[in-house]
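One file, structure04.cif, carrying mmCIF, C-alpha atoms:
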data_run
#
loop_
_atom_site.label_atom_id
_atom_site.label_comp_id
_atom_site.auth_asym_id
_atom_site.auth_seq_id
_atom_site.Cartn_x
_atom_site.Cartn_y
_atom_site.Cartn_z
CA MET G 148 10.08 -171.56 83.12
CA SER G 149 6.97 -172.68 81.23
CA ARG G 150 6.11 -172.87 77.56
CA SER G 151 2.97 -171.72 75.71
CA ARG G 152 1.88 -171.57 72.06
CA ASP G 153 -0.06 -168.58 70.83
CA THR G 154 -2.63 -168.40 68.04
CA ALA G 155 -0.05 -167.32 65.43
CA ASP G 156 1.82 -170.58 65.94
CA GLN G 157 4.47 -168.73 67.95
CA ILE G 158 6.25 -170.41 70.82
CA ASN G 159 6.98 -168.30 73.89
CA ILE G 160 9.17 -169.47 76.74
CA ILE G 161 8.07 -167.69 79.86
CA ASP G 162 10.31 -166.73 82.78
CA SER G 163 8.07 -167.34 85.73
CA SER G 164 10.56 -165.71 88.09
CA ALA G 165 10.26 -162.39 86.25
CA ALA G 166 6.51 -161.76 86.48
CA ASP G 167 5.81 -164.18 83.62
CA ALA G 168 7.92 -162.13 81.18
CA THR G 169 8.68 -163.74 77.81
CA ALA G 170 12.33 -164.81 77.80
CA ILE G 171 12.59 -166.59 74.43
CA THR G 172 10.32 -166.47 71.40
CA ILE G 173 10.29 -168.71 68.33
CA ASP G 174 8.00 -167.28 65.68
CA SER G 175 6.29 -168.98 62.74
CA SER G 176 9.32 -168.28 60.50
CA GLU G 177 11.52 -170.09 63.05
CA ASN G 178 13.27 -166.85 63.99
CA VAL G 179 14.46 -166.88 67.57
CA GLY G 180 14.18 -163.85 69.79
CA ILE G 181 15.93 -163.58 73.15
CA GLY G 182 14.48 -160.76 75.21
CA THR G 183 12.11 -159.81 72.37
CA THR G 184 8.85 -161.24 71.05
CA SER G 185 9.44 -159.86 67.53
CA PRO G 186 12.62 -161.38 66.15
CA ASN G 187 13.50 -160.02 62.70
CA ALA G 188 16.36 -162.44 61.92
CA VAL G 189 17.25 -166.04 62.60
CA LEU G 190 18.55 -164.84 65.98
CA THR G 191 17.62 -161.48 67.49
CA THR G 192 18.63 -160.36 70.96
CA ASP G 193 17.34 -157.42 72.95
CA PRO G 194 20.19 -156.69 75.35
CA GLU G 195 20.05 -155.37 78.86
CA SER G 196 18.88 -151.79 79.09
CA GLY G 197 21.42 -149.00 79.08
CA ASN G 198 24.48 -148.17 77.04
CA PHE G 199 27.52 -150.39 76.67
CA SER G 200 30.04 -149.90 79.44
CA SER G 201 33.75 -150.73 79.44
CA THR G 202 33.54 -151.89 83.07
CA TYR G 203 34.45 -155.56 83.15
CA ASN G 204 31.38 -156.74 85.12
CA ASN G 205 28.76 -154.33 83.75
CA TYR G 206 26.69 -156.03 81.04
CA ASP G 207 24.39 -153.14 80.12
CA GLY G 208 23.91 -152.97 76.36
CA VAL G 209 25.50 -156.40 75.78
CA GLY G 210 23.55 -158.35 73.17
CA LEU G 211 25.76 -161.43 73.01
CA PHE G 212 28.45 -162.69 75.38
CA ILE G 213 30.60 -165.67 74.36
CA ARG G 214 32.62 -167.32 77.08
CA GLY G 215 35.90 -169.07 76.45
CA ASN G 216 37.47 -172.09 78.11
CA GLY G 217 40.57 -172.72 75.98
CA THR G 218 44.19 -172.86 77.07
CA SER G 219 45.87 -169.52 77.77
CA GLY G 220 49.20 -168.59 76.17
CA ASN G 221 50.71 -165.75 74.21
CA GLY G 222 49.34 -166.07 70.67
CA ASN G 223 46.59 -168.55 71.59
CA TYR G 224 43.07 -167.94 70.27
CA GLY G 225 39.90 -167.81 72.33
CA PRO G 226 36.17 -167.92 71.55
CA ALA G 227 35.14 -166.88 68.06
CA LEU G 228 32.23 -165.73 65.97
CA VAL G 229 32.39 -167.89 62.84
CA PHE G 230 30.80 -167.47 59.39
CA GLY G 231 30.15 -169.93 56.59
CA SER G 232 30.51 -169.28 52.87
CA CYS G 233 28.07 -167.59 50.49
CA ASP G 234 27.76 -170.88 48.62
CA SER G 235 24.43 -172.68 48.87
CA ASP G 236 26.21 -175.99 48.25
CA THR G 237 25.49 -178.07 51.35
CA VAL G 238 28.94 -179.64 51.14
CA ASN G 239 30.63 -176.27 51.75
CA GLN G 240 28.07 -174.87 54.17
CA ASP G 241 29.65 -176.74 57.07
CA HIS G 242 33.10 -175.26 56.43
CA LYS G 243 34.41 -172.14 58.20
CA HIS G 244 35.05 -169.28 55.76
CA ALA G 245 35.53 -166.26 58.01
CA ALA G 246 35.77 -165.57 61.72
CA ILE G 247 36.48 -163.05 64.45
CA SER G 248 38.16 -164.44 67.54
CA ILE G 249 39.91 -163.11 70.58
CA VAL G 250 43.66 -163.70 70.81
CA GLN G 251 46.05 -163.43 73.70
CA THR G 252 48.68 -160.88 72.63
CA ASP G 253 50.96 -160.89 75.66
CA THR G 254 52.08 -163.14 78.50
CA ASP G 255 49.00 -162.55 80.68
CA PRO G 256 45.69 -164.15 79.55
CA ASN G 257 43.86 -160.91 80.40
CA GLN G 258 45.81 -159.10 77.66
CA THR G 259 43.66 -159.93 74.67
CA GLY G 260 43.02 -158.52 71.25
CA LEU G 261 41.05 -159.52 68.17
CA ALA G 262 42.01 -161.73 65.24
CA PHE G 263 40.15 -161.41 61.93
CA TRP G 264 40.16 -164.52 59.77
CA THR G 265 39.51 -164.86 56.02
CA HIS G 266 39.54 -167.70 53.51
CA PRO G 267 41.62 -166.68 50.47
CA SER G 268 41.80 -170.21 49.03
CA ALA G 269 39.37 -171.51 46.40
CA THR G 270 39.49 -174.91 48.10
CA ALA G 271 36.76 -175.09 50.75
CA ALA G 272 38.70 -177.49 52.98
CA ASP G 273 41.73 -175.17 53.30
CA ALA G 274 42.33 -173.45 56.61
CA LEU G 275 41.43 -169.87 57.44
CA VAL G 276 44.14 -167.19 57.43
CA ASN G 277 44.61 -164.56 60.13
CA SER G 278 44.49 -161.51 57.85
CA MET G 279 44.22 -158.75 60.45
CA ARG G 280 45.12 -158.41 64.10
CA ILE G 281 44.31 -155.84 66.77
CA THR G 282 46.58 -156.27 69.78
CA SER G 283 45.69 -155.57 73.40
CA ALA G 284 47.64 -152.30 73.02
CA GLY G 285 45.38 -151.24 70.15
CA ASN G 286 47.99 -151.72 67.41
CA VAL G 287 46.50 -152.83 64.10
CA GLY G 288 48.33 -155.29 61.88
CA ILE G 289 47.17 -156.05 58.33
CA GLY G 290 49.09 -159.11 57.24
CA ASP G 291 51.17 -158.64 60.39
CA SER G 292 50.31 -160.76 63.44
CA SER G 293 52.64 -158.82 65.76
CA PRO G 294 52.25 -155.12 64.92
CA SER G 295 54.64 -152.95 66.92
CA ARG G 296 53.14 -149.70 65.65
CA VAL G 297 49.64 -148.20 65.69
CA LEU G 298 49.31 -149.43 62.08
CA SER G 299 51.51 -152.03 60.42
CA THR G 300 50.99 -153.62 57.00
CA LYS G 301 52.84 -156.52 55.37
CA SER G 302 52.28 -158.04 51.96
CA SER G 303 54.13 -160.09 49.38
CA SER G 304 52.69 -157.78 46.72
CA VAL G 305 54.76 -154.92 45.31
CA THR G 306 51.99 -152.49 46.22
CA VAL G 307 51.35 -152.76 49.97
CA GLY G 308 48.73 -150.03 50.26
CA SER G 309 46.52 -147.86 48.08
CA PHE G 310 44.72 -144.64 49.00
CA GLU G 311 41.99 -143.20 46.80
CA SER G 312 39.97 -140.03 47.11
CA THR G 313 36.82 -139.25 45.14
CA SER G 314 37.75 -135.56 45.23
CA ALA G 315 39.88 -134.23 42.37
CA SER G 316 42.04 -132.26 44.79
CA GLY G 317 41.43 -134.18 48.01
CA GLY G 318 44.13 -134.86 50.58
CA LEU G 319 44.95 -138.55 50.52
CA ILE G 320 47.15 -138.74 53.62
CA SER G 321 47.09 -136.14 56.36
CA PHE G 322 49.43 -135.94 59.35
CA VAL G 323 48.23 -133.87 62.32
CA ASP G 324 50.09 -133.16 65.56
CA GLN G 325 48.64 -133.28 69.06
CA ASN G 326 47.42 -129.68 68.76
CA THR G 327 45.26 -130.69 65.74
CA THR G 328 46.14 -127.36 64.15
CA ASN G 329 49.44 -128.15 62.41
CA ASP G 330 49.03 -130.57 59.56
CA VAL G 331 50.91 -131.90 56.54
CA THR G 332 49.06 -133.50 53.65
CA VAL G 333 50.35 -135.68 50.82
CA ARG G 334 47.97 -135.84 47.89
CA VAL G 335 47.66 -136.41 44.16
CA GLY G 336 47.52 -133.28 41.99
CA ALA G 337 44.36 -132.31 40.15
CA LEU G 338 45.70 -133.82 36.92
CA GLY G 339 46.25 -137.16 38.64
CA ASN G 340 49.96 -137.51 37.90
CA ASP G 341 51.49 -135.02 40.33
CA LEU G 342 52.58 -135.69 43.88
CA VAL G 343 51.81 -132.68 46.07
CA LEU G 344 53.07 -131.93 49.58
CA GLN G 345 51.03 -129.39 51.55
CA ALA G 346 52.02 -127.81 54.86
CA GLY G 347 49.86 -125.41 56.85
CA GLY G 348 47.11 -125.72 54.26
CA SER G 349 49.26 -124.50 51.32
CA GLU G 350 51.17 -126.34 48.62
CA ARG G 351 54.93 -126.39 49.29
CA LEU G 352 56.29 -129.03 46.90
CA ARG G 353 55.04 -130.63 43.68
CA ILE G 354 56.68 -133.46 41.74
CA ASP G 355 55.14 -133.99 38.31
CA SER G 356 55.06 -137.17 36.23
CA SER G 357 58.35 -136.26 34.52
CA GLY G 358 60.13 -136.06 37.89
CA THR G 359 60.42 -132.28 37.95
CA ALA G 360 60.18 -130.87 41.47
CA THR G 361 58.72 -127.42 42.03
CA PHE G 362 59.11 -125.61 45.36
CA ASP G 363 56.74 -122.92 46.53
CA THR G 364 59.10 -119.95 46.98
CA SER G 365 56.42 -117.49 48.05
CA VAL G 366 56.83 -118.40 51.72
CA SER G 367 60.12 -118.06 53.57
CA SER G 368 61.37 -121.25 55.19
CA GLN G 369 64.56 -120.60 57.14
CA ASN G 370 66.13 -117.15 56.83
CA ASN G 371 64.39 -116.71 53.45
CA ASN G 372 65.71 -120.10 52.25
CA VAL G 373 63.28 -122.39 50.46
CA LEU G 374 65.56 -125.44 50.66
CA VAL G 375 67.94 -126.30 53.48
CA VAL G 376 70.08 -129.47 53.56
CA LYS G 377 71.69 -130.43 56.86
CA SER G 378 74.21 -133.07 57.89
CA ALA G 379 75.80 -134.51 61.04
CA TYR G 380 79.25 -133.66 59.62
CA PRO G 381 81.35 -131.97 60.87
CA SER G 382 78.91 -131.48 63.75
CA ALA G 383 75.25 -132.15 64.37
CA ASN G 384 72.70 -130.12 62.41
CA THR G 385 75.30 -128.52 60.13
CA THR G 386 73.87 -126.73 57.09
CA THR G 387 75.62 -128.14 54.02
CA MET G 388 73.53 -126.49 51.32
CA TYR G 389 70.70 -124.02 50.99
CA MET G 390 68.68 -122.40 48.23
CA GLU G 391 67.49 -118.86 48.76
CA ALA G 392 64.07 -117.63 47.71
CA ASP G 393 65.59 -115.77 44.75
CA GLY G 394 67.10 -119.03 43.45
CA ASP G 395 70.70 -118.59 44.62
CA ILE G 396 72.36 -121.77 45.88
CA ALA G 397 75.10 -121.99 48.49
CA THR G 398 77.03 -125.00 49.81
CA ARG G 399 79.71 -125.62 52.42
CA SER G 400 82.27 -126.67 49.80
CA GLY G 401 81.16 -124.17 47.20
CA SER G 402 78.87 -124.39 44.19
CA TYR G 403 76.98 -121.43 42.80
CA GLY G 404 77.72 -119.85 46.17
CA THR G 405 79.76 -120.73 49.22
CA ILE G 406 79.05 -120.48 52.92
CA SER G 407 82.22 -118.48 53.47
CA ASP G 408 81.70 -116.33 56.54
CA GLN G 409 84.95 -115.60 58.38
CA ARG G 410 83.27 -116.44 61.68
CA LEU G 411 83.01 -120.06 60.56
CA LYS G 412 86.72 -120.46 59.77
CA GLN G 413 90.02 -120.74 61.64
CA GLN G 414 93.76 -120.98 60.81
CA ILE G 415 93.26 -118.72 57.79
CA THR G 416 96.53 -118.44 55.75
CA PRO G 417 97.40 -117.86 52.06
CA ALA G 418 97.04 -120.97 49.92
CA ASN G 419 100.06 -122.69 48.39
CA SER G 420 100.78 -122.49 44.68
CA GLN G 421 98.25 -124.33 42.51
CA TRP G 422 100.24 -123.84 39.28
CA ASP G 423 101.39 -127.45 38.92
CA ASP G 424 98.00 -128.93 39.82
CA VAL G 425 96.21 -126.80 37.25
CA LYS G 426 98.74 -127.77 34.57
CA ALA G 427 98.25 -131.46 35.47
CA ALA G 428 94.44 -131.27 35.28
CA VAL G 429 94.21 -131.76 31.53
CA VAL G 430 90.81 -130.95 30.05
CA LYS G 431 89.52 -133.62 27.65
CA LYS G 432 86.66 -133.82 25.19
CA TYR G 433 84.36 -136.86 25.19
CA LYS G 434 80.88 -138.31 24.74
CA PHE G 435 78.95 -140.30 27.32
CA ASN G 436 78.30 -144.01 26.82
CA ALA G 437 74.85 -145.15 25.72
CA ASP G 438 74.02 -146.44 29.21
CA VAL G 439 74.38 -142.85 30.48
CA ASP G 440 72.83 -141.02 27.54
CA ALA G 441 70.46 -142.96 25.28
CA PHE G 442 71.16 -140.45 22.50
CA ALA G 443 74.93 -140.50 23.02
CA ASP G 444 75.74 -141.00 19.34
CA ASP G 445 73.83 -137.86 18.35
CA ALA G 446 74.74 -135.81 21.43
CA PRO G 447 77.31 -133.02 21.17
CA GLU G 448 80.79 -133.52 22.57
CA GLN G 449 81.43 -132.63 26.19
CA ILE G 450 84.53 -131.14 27.78
CA GLY G 451 85.76 -131.86 31.28
CA TRP G 452 88.07 -134.06 33.30
CA VAL G 453 88.50 -137.82 33.71
CA ALA G 454 88.61 -138.73 37.40
CA GLN G 455 91.13 -141.55 37.03
CA GLU G 456 93.51 -139.28 35.08
CA LEU G 457 93.37 -136.68 37.85
CA GLU G 458 94.21 -139.37 40.39
CA ALA G 459 97.11 -140.57 38.26
CA ALA G 460 98.39 -136.96 38.14
CA GLY G 461 98.38 -136.84 41.94
CA LEU G 462 95.23 -134.72 42.35
CA ASN G 463 93.60 -137.17 44.75
CA GLY G 464 91.95 -134.38 46.73
CA VAL G 465 89.66 -133.46 43.85
CA VAL G 466 88.37 -137.00 43.19
CA LYS G 467 85.62 -138.63 45.21
CA ASP G 468 84.52 -142.26 45.19
CA GLY G 469 80.77 -142.45 44.66
CA GLN G 470 77.98 -144.99 44.47
CA ASP G 471 78.77 -148.36 42.85
CA GLY G 472 82.44 -147.41 42.64
CA PHE G 473 81.94 -144.58 40.13
CA LYS G 474 84.25 -141.64 40.65
CA SER G 475 83.29 -137.99 40.56
CA VAL G 476 85.31 -134.77 40.32
CA LYS G 477 85.01 -131.93 42.81
CA THR G 478 84.73 -129.26 40.16
CA THR G 479 84.46 -126.51 42.75
CA VAL G 480 87.89 -127.40 44.16
CA LEU G 481 89.35 -127.37 40.65
CA MET G 482 87.80 -123.95 39.99
CA ILE G 483 89.38 -122.59 43.17
CA LYS G 484 92.75 -124.05 42.12
CA ALA G 485 92.34 -122.45 38.70
CA PHE G 486 91.52 -119.12 40.31
CA LYS G 487 94.67 -119.31 42.43
CA ALA G 488 96.73 -120.30 39.39
CA LEU G 489 95.26 -117.35 37.46
CA GLN G 490 96.38 -115.02 40.21
CA GLU G 491 99.86 -116.54 40.00
CA ALA G 492 99.84 -116.05 36.23
CA MET G 493 98.79 -112.42 36.66
CA ASP G 494 101.67 -111.89 39.10
CA ARG G 495 104.11 -113.39 36.60
CA ILE G 496 102.71 -111.23 33.78
CA GLU G 497 102.96 -108.08 35.88
CA THR G 498 106.54 -109.00 36.82
CA LEU G 499 107.44 -109.49 33.17
CA GLU G 500 105.75 -106.23 32.20
CA ALA G 501 107.71 -104.37 34.84
CA ARG G 502 110.97 -105.92 33.68
CA ILE G 503 110.25 -105.05 30.03
CA ALA G 504 109.41 -101.52 31.06
CA THR G 505 112.86 -101.11 32.68
CA MET G 506 114.52 -102.39 29.49
CA GLY G 507 112.82 -99.84 27.29
#
Could you quickly redo this structure as structure tokens?
Amino acid sequence: MSRSRDTADQINIIDSSAADATAITIDSSENVGIGTTSPNAVLTTDPESGNFSSTYNNYDGVGLFIRGNGTSGNGNYGPALVFGSCDSDTVNQDHKHAAISIVQTDTDPNQTGLAFWTHPSATAADALVNSMRITSAGNVGIGDSSPSRVLSTKSSSVTVGSFESTSASGGLISFVDQNTTNDVTVRVGALGNDLVLQAGGSERLRIDSSGTATFDTSVSSQNNNVLVVKSAYPSANTTTMYMEADGDIATRSGSYGTISDQRLKQQITPANSQWDDVKAAVVKKYKFNADVDAFADDAPEQIGWVAQELEAAGLNGVVKDGQDGFKSVKTTVLMIKAFKALQEAMDRIETLEARIATMG
């Protein structure tokens, strides 16, 4: 190579092996151009012709190639592109404040990803922090150096992520299947306080700021049911409760309705007498404590049962242990017992009426 200086005080380094083509240019502003005679920044490169190729030994379109010669190892970092701070203070200009480096993300040194480094500290001499990682598998970790999913986020903050749309009714998160035609969107309602779930392009569920949930009942879900609850008990995929489009509710154990089809039952026999159980289930009046009802002192009296009293009376089958040790009463079971006891009472009354009739 040879060097020449032109009339504009520009230095050109000539590649004599390439028909005297200019290889490097340093202009009057001290901008350096590699492969170009008109650098428009401190360093400007004009890469090989052609588009970038993913082939390992094809360098078309490559403007900068940084080789590495560090030690390989899972988690070790390779060559990096490093940035200084925005501060003009010459003391801090020599400190690293951000960087992008390669990182080995598996046991083989050819399995590399990218590590993005930031400088969250206000002290210039503090080390950089690996804030984001892209593994060789393409998984992205924000605050997570070993993401096992396509996207993984970790943070010590209570709020890990925030999604904002500039549209008043825009979809904030959209889930699309491989057919790209079936999608579910979770978004904020137009008023800003509602959580809306859309499926198939239409709103299906809305939860407002007061916690009230509204289902879209205009579209049938499963056999005209708008809400279906399933469980693994007593067998997989067992329907335990459903709400029909007209608002009727049915459950396995009975509520406003009961899943009571004969085809679902076996060993059907008349129930035993429930007379003694109904007599033992004494109805009490009460008020809730203040930790249950903030307006307990002004609230009207309630009537019902006390779970521990039912247990003490031997009605263990109608009491259920719940969360945090609190007990609940299976009111549906008690209603069925009361119904049976009413039938027994009607039989006794009819027997008495028949006996009185014979005495008259």
Evaluating the PyMOL selection byres ((chain G and resi 196) around 8) on the displayed file yields which residues, as an mmCIF file with C-alpha atoms, in the frame of the given file?
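Listing of expr30.cif after writing:
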data_model
loop_
_atom_site.group_PDB
_atom_site.id
_atom_site.type_symbol
_atom_site.label_atom_id
_atom_site.label_comp_id
_atom_site.auth_asym_id
_atom_site.auth_seq_id
_atom_site.Cartn_x
_atom_site.Cartn_y
_atom_site.Cartn_z
ATOM 1 C CA PRO G 194 20.190 -156.690 75.350
ATOM 2 C CA GLU G 195 20.050 -155.370 78.860
ATOM 3 C CA GLY G 197 21.420 -149.000 79.080
ATOM 4 C CA ASN G 198 24.480 -148.170 77.040
ATOM 5 C CA ASP G 207 24.390 -153.140 80.120
ATOM 6 C CA GLY G 208 23.910 -152.970 76.360
#
**Q.** Radius query 10 Å about (13.9, -158.2, 72.6), atoms used: all atoms listed in the file, as JSON, numbers by chain
**A.** {"G": [169, 170, 171, 172, 180, 181, 182, 183, 184, 185, 186, 191, 192, 193, 194, 195, 210]}
Expected file contents, prior selection, C-alpha atoms, as an mmCIF file, keeping the file's coordinate frame:
data_model
loop_
_atom_site.group_PDB
_atom_site.id
_atom_site.type_symbol
_atom_site.label_atom_id
_atom_site.label_comp_id
_atom_site.auth_asym_id
_atom_site.auth_seq_id
_atom_site.Cartn_x
_atom_site.Cartn_y
_atom_site.Cartn_z
ATOM 1 C CA THR G 169 8.680 -163.740 77.810
ATOM 2 C CA ALA G 170 12.330 -164.810 77.800
ATOM 3 C CA ILE G 171 12.590 -166.590 74.430
ATOM 4 C CA THR G 172 10.320 -166.470 71.400
ATOM 5 C CA GLY G 180 14.180 -163.850 69.790
ATOM 6 C CA ILE G 181 15.930 -163.580 73.150
ATOM 7 C CA GLY G 182 14.480 -160.760 75.210
ATOM 8 C CA THR G 183 12.110 -159.810 72.370
ATOM 9 C CA THR G 184 8.850 -161.240 71.050
ATOM 10 C CA SER G 185 9.440 -159.860 67.530
ATOM 11 C CA PRO G 186 12.620 -161.380 66.150
ATOM 12 C CA THR G 191 17.620 -161.480 67.490
ATOM 13 C CA THR G 192 18.630 -160.360 70.960
ATOM 14 C CA ASP G 193 17.340 -157.420 72.950
ATOM 15 C CA PRO G 194 20.190 -156.690 75.350
ATOM 16 C CA GLU G 195 20.050 -155.370 78.860
ATOM 17 C CA GLY G 210 23.550 -158.350 73.170
#
Q. If we count only C-alpha atoms, what is near G:Gly285 at a cut-off of 8 Å, once residues fewer than 4 positions away on the same chain are taken out, given as a ChimeraX atom specification?
A. /G:260,281,297
Cut-off 9 Å: closest stretch 244-327 of chain G/stretch 219-223 of chain G atom pairs per residue, using all atoms listed in the file, as a tab-separated table:
residue	atom	partner	partner_atom	distance
G:Ile249	CA	G:Asn223	CA	8.7
G:Val250	CA	G:Asn223	CA	5.7
G:Gln251	CA	G:Gly222	CA	5.2
G:Thr252	CA	G:Asn221	CA	5.5
G:Asp253	CA	G:Asn221	CA	5.1
G:Thr254	CA	G:Asn221	CA	5.2
G:Asp255	CA	G:Asn221	CA	7.4
G:Pro256	CA	G:Ser219	CA	5.7
G:Gln258	CA	G:Asn221	CA	9.0
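Restricting the calculation to only C-alpha atoms, the smallest distance between G:Ser232 and any of G:Thr313, G:Thr202, G:Val375, G:Ala271 is found for G:Ala271.
Separating atom CA of G:Trp452 from atom CA of G:Ile496 is a distance of 27.1 Å.
Coordinates place atom CA of G:Asp355 at a distance of 27.7 Å from atom CA of G:Asn436.
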Q) Quick one: residues within 12 Å of stretch 460-472 of chain G, all atoms listed in the file counted, chain neighbours fewer than 3 positions away excluded, as a ChimeraX atom specification? A) /G:400,421,423-429,452-457,475-484
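Coordinates place atom CA of G:Met493 at a distance of 13.0 Å from atom CA of G:Ser420.
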Q | Close residues, G:Ser356 itself excluded, 12 Å, all atoms listed in the file, min 4 positions apart in chain, as a ChimeraX atom specification | A | /G:335-336,338-343,360-361
Q. Using only C-alpha atoms, which of G:Ala269, G:Ile173, G:Leu275, G:Val333 sits nearest G:Ser248?
A. G:Leu275
All file atoms of stretch 425-436 of chain G boxed axis-aligned, 3 Å per side, centre plus edges, as AutoDock Vina command-line options:
--center_x 88.5 --center_y -135.4 --center_z 31.0 --size_x 26.4 --size_y 23.2 --size_z 18.5
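This file gives the following result for the PyMOL selection byres ((chain G and resi 294) around 12): Thr252, Gly260, Met279, Arg280, Ile281, Thr282, Ser283, Ala284, Gly285, Asn286, Val287, Gly288, Ile289, Gly290, Asp291, Ser292, Ser293, Ser295, Arg296, Val297, Leu298, Ser299, Thr300 and Lys301 of chain G.
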Q | Nearest to G:Val229 by atom-to-atom distance, counting all atoms listed in the file, from G:Ser201, G:Trp422, G:His266, G:Lys474 | A | G:His266
**Q.** the PyMOL selection byres ((chain G and resi 243) around 7) resolved against shown file, as a VMD selection string
**A.** chain G and resid 229 to 231 241 to 242 244 to 245
Q. Contacts of G:Ala168 at 10 Å or less, counting all atoms listed in the file, minus same-chain residues fewer than 6 places along, as a PyMOL selection string?
A. chain G and resi 148+159-162+182
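Take the candidates G:Val209, G:Gln240, G:Gln409, G:Val376 and check each one against G:Ala272 using all atoms listed in the file; the shortest distance goes to G:Gln240.
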